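Undergrad: Here it is, the structure, as structure tokens.
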Amino acid sequence: MSEPQTKTHAATESLSYEDNELLWGGRKVSELALTAGQTPFYAYDRARMASRVRELREALPAELHIHYAMKANPMPEVVDFLAGLVDGLDVASVGEMEIALQTGTNASDISFAGPGKRDEELKSAIAAGITINIESIGELRRIAGLAADAGKRPDVAIRVNPAFELKTAGMKMGGRPSPFGIDAEVVPAVLRELAGLDLNFRGFHVFSGSQNLRAEAIIEAITKTAELVIELAESTPLRPALINIGGGLGVPYFPGERSLVLGSIGEAAAKAVGRLKSALGNVEVVTELGRYLVGQSGIYVTRVIDVKESRGAKFAVCDGGLHHHLAASGNFGQVIRKNYPVVSVDSTGRQEEVSVVGPLCTPLDLLGDRVTVHELRVGSLVAVLQSGAYGKTASPASFLSHPPCAEILC
């Protein structure tokens, strides 16, 4: 069981209301429900995404290109909107690749990462002309064979598993044995083999962790990444043209967490880009961000279908749950369960403590454990904030065969 919601969530500080009803994307949430045609649904706010990209542009050096990591939210309308704001897209499947290409983004600005790329996916990537981030020596050899069969010379980059990790990251992806990337100490040997193959080496991809709210840890990772790339480049006659330094910027989900201040991160990024360009020439340097671009832009809205008391505790039973929003239930990477910010769409009535649960036959279907919200009744709408990333597509939608949820861009 998680601790009750007693502290203020940072996400609630920027909320707007009209006639005591929550607004999202400039519209009342009840109107969005009519647009969606049902509950539950996700609603993603264009203005919040645009504002986040604008803030990054102002804080980061102009020479650092911003890519959107589509795995955070691959809704086609979201990807198409962001494609017009960022410099490139990063995909993790052939399905995401198809969505990315449909935006009109140049193939040279799309990269494909993931440790288990099937031959059919690699063939599609080779045909499309996107950059393939190589995750193993075996994958390198498969790409070379498939490219030879197709008469193509594909663009490839080496995904590096660094010896360091992104400290205090919600998800660490470096500094340990990993299915992701090639261990840094092995990369020079891989580069020697790559040099003898008919492949176009574009550069390096280093991703050491994600969901970090400590600026000093992110700065350390950026600095070490630049040093590592320069060292690896010195081990090969191949000249890198593209350096992806990863991302790692987090968003606040839980009570007491605060948003990142980008100033010092931008300064460190400017120094790192300067070092890379000084050592390697006119390379393109990219930061790959997913959650940070879309996480705060989305809400998950569900409707109360029953209110009950059990042994002194109150429960609001809703039509949505973990099958649509696994992360909010605490079953997507949390060690100790904490509540996402949950609010009543109607801000009238007294405040009360209630557990917001879904319709599934499992005690894991818990969206808010003893949260304090305005009084909920049958028919009330409840919104889970910070739901723009790893929501619908990261959830077990087929569990217990309940109906799917909707998504809208507003």
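Residue numbering restarts at 1 for every chain of the structure tokens, chains are lettered A, B, ... in their displayed order, and ligands are numbered from 1 as they appear.
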Return as a ChimeraX atom specification the full set of residues in stretch 284-323 of chain A whose backbone-based DSSP assignment is helix (DSSP H, G or I).

TA: /A:291-297

Undergrad: Just the selected residues (C-alpha atoms), exported as a PDB file, in the first residue's frame, please.

TA:
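Generated output (part11.pdb):
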```pdb
ATOM      1  CA  ARG A 291       8.844  11.629 -21.585  1.00  0.00           C
ATOM      2  CA  TYR A 292      10.154  15.154 -21.062  1.00  0.00           C
ATOM      3  CA  LEU A 293       8.396  16.422 -24.191  1.00  0.00           C
ATOM      4  CA  VAL A 294       4.999  14.804 -23.668  1.00  0.00           C
ATOM      5  CA  GLY A 295       4.651  13.578 -20.074  1.00  0.00           C
ATOM      6  CA  GLN A 296       3.113  16.738 -18.654  1.00  0.00           C
ATOM      7  CA  SER A 297       0.897  17.305 -21.695  1.00  0.00           C
TER       8      SER A 297
END
```

Undergrad: What residues in stretch 6-163 of chain A get the DSSP label strand (DSSP E)? Please answer as a PyMOL selection string.

TA: chain A and resi 16-18+21-24+27-28+41-44+64-69+88-91+110-112+131-134+155-161

Undergrad: With only C-alpha atoms as the basis for distance, which of A:Val301, A:Val317, A:Val378, A:Ala221 is at the shortest distance from A:Val29?

TA: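 Among the listed residues, A:Val301 lies closest to A:Val29.
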
Undergrad: Given the choices A:Glu193, A:Asp369, A:Glu353, A:Asp149, which gets closest to A:Gly330 if the distance is worked out from only C-alpha atoms?

TA: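 Closest candidate: A:Asp369.
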
Undergrad: Which residues of stretch 282-386 of chain A come within 12 Å of stretch 99-116 of chain A, and what is each one's closest atom pair and distance in Å (one decimal), counting only C-alpha atoms, sorted by chain and residue number, as CSV?

TA:
```
residue,atom,partner,partner_atom,distance
A:Glu284,CA,A:Asp109,CA,10.6
A:Val285,CA,A:Asp109,CA,11.7
A:Val286,CA,A:Asp109,CA,10.1
A:Glu288,CA,A:Ser111,CA,10.2
```

Undergrad: Between atom CA of A:Arg192 and atom CA of A:Val156, what is the spacing in Å?

TA: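 Computing the Euclidean distance for atom CA of A:Val156 and atom CA of A:Arg192 yields 14.2 Å.
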
Undergrad: Using only C-alpha atoms, which of the listed residues (A:Pro255, A:Gly250, A:Gly321, A:Pro341) sits closest to A:Asn212?

TA: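 Closest residue, counting only C-alpha atoms: A:Gly250.
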
Undergrad: Looking at only C-alpha atoms, which of A:Ala189, A:Ile218, A:Leu22, A:Leu140 is the one that sits closest to A:Ser347?

TA: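 The shortest atom-to-atom distance to A:Ser347 comes from A:Leu22.
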
Undergrad: What is the distance between atom CA of A:Leu280 and atom CA of A:Ala62, in Å to one decimal?

TA: 17.9 Å

Undergrad: Would you pick out the contacts of A:Thr362 at 12 Å or less, using only C-alpha atoms, so that residues sharing its chain but fewer than 4 positions from it are not included, and give the list as a list in words?

TA: Gly321, Leu322, His323, Ser329, Val357, Gly358, Leu366, Phe399 and Leu400 of chain A

Undergrad: Residues within 10 Å of A:Asp319, please, as a list in words. Count only C-alpha atoms; anything in the same chain fewer than 2 positions from it doesn't count.

TA: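 These residues fall inside the cut-off: Thr39, Pro40, Val301, Thr302, Arg303, Val304, Ile305, Asp306, Val317, Gly321, Val357, Gly358, Pro359, Leu360, His402, Pro403 and Cys405 of chain A.
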
Undergrad: Next, the residues of the selection above should be written as a JSON list (two decimals), in the first residue's frame with N, CA and C atoms.

TA:
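What ended up in part28.json:
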```json
[["chain", "number", "residue", "atom", "x", "y", "z"],
["A", 39, "THR", "N", -15.78, 7.61, -22.06],
["A", 39, "THR", "CA", -14.74, 7.51, -21.04],
["A", 39, "THR", "C", -14.44, 6.03, -20.92],
["A", 40, "PRO", "N", -13.20, 5.71, -20.58],
["A", 40, "PRO", "CA", -12.04, 6.56, -20.32],
["A", 40, "PRO", "C", -11.42, 7.06, -21.63],
["A", 301, "VAL", "N", -8.64, 10.47, -18.29],
["A", 301, "VAL", "CA", -9.94, 10.82, -17.69],
["A", 301, "VAL", "C", -10.80, 9.58, -17.60],
["A", 302, "THR", "N", -11.35, 9.33, -16.42],
["A", 302, "THR", "CA", -12.22, 8.19, -16.19],
["A", 302, "THR", "C", -13.44, 8.65, -15.40],
["A", 303, "ARG", "N", -14.52, 7.89, -15.51],
["A", 303, "ARG", "CA", -15.78, 8.27, -14.87],
["A", 303, "ARG", "C", -16.10, 7.34, -13.71],
["A", 304, "VAL", "N", -16.60, 7.91, -12.62],
["A", 304, "VAL", "CA", -16.99, 7.12, -11.44],
["A", 304, "VAL", "C", -18.29, 6.38, -11.76],
["A", 305, "ILE", "N", -18.28, 5.06, -11.56],
["A", 305, "ILE", "CA", -19.48, 4.27, -11.81],
["A", 305, "ILE", "C", -20.08, 3.73, -10.51],
["A", 306, "ASP", "N", -19.36, 3.83, -9.40],
["A", 306, "ASP", "CA", -19.90, 3.41, -8.11],
["A", 306, "ASP", "C", -19.07, 4.06, -7.01],
["A", 317, "VAL", "N", -15.19, 3.75, -7.59],
["A", 317, "VAL", "CA", -14.91, 2.73, -8.60],
["A", 317, "VAL", "C", -15.18, 3.33, -9.98],
["A", 321, "GLY", "N", -8.80, 1.96, -15.59],
["A", 321, "GLY", "CA", -7.87, 1.46, -14.59],
["A", 321, "GLY", "C", -6.53, 1.11, -15.18],
["A", 357, "VAL", "N", -10.27, 3.55, -7.76],
["A", 357, "VAL", "CA", -9.93, 2.23, -8.27],
["A", 357, "VAL", "C", -10.64, 1.99, -9.60],
["A", 358, "GLY", "N", -10.14, 1.00, -10.33],
["A", 358, "GLY", "CA", -10.71, 0.66, -11.62],
["A", 358, "GLY", "C", -11.67, -0.50, -11.53],
["A", 359, "PRO", "N", -12.15, -1.01, -12.70],
["A", 359, "PRO", "CA", -13.18, -2.03, -12.73],
["A", 359, "PRO", "C", -12.65, -3.46, -12.75],
["A", 360, "LEU", "N", -11.33, -3.63, -12.69],
["A", 360, "LEU", "CA", -10.75, -4.95, -12.88],
["A", 360, "LEU", "C", -10.79, -5.78, -11.59],
["A", 402, "HIS", "N", -11.73, -5.80, -21.19],
["A", 402, "HIS", "CA", -12.55, -4.59, -21.08],
["A", 402, "HIS", "C", -12.39, -3.75, -22.35],
["A", 403, "PRO", "N", -13.31, -2.82, -22.63],
["A", 403, "PRO", "CA", -13.22, -2.00, -23.84],
["A", 403, "PRO", "C", -11.97, -1.12, -23.84],
["A", 405, "CYS", "N", -9.64, 2.34, -24.45],
["A", 405, "CYS", "CA", -9.88, 3.76, -24.19],
["A", 405, "CYS", "C", -9.60, 4.54, -25.46]]
```
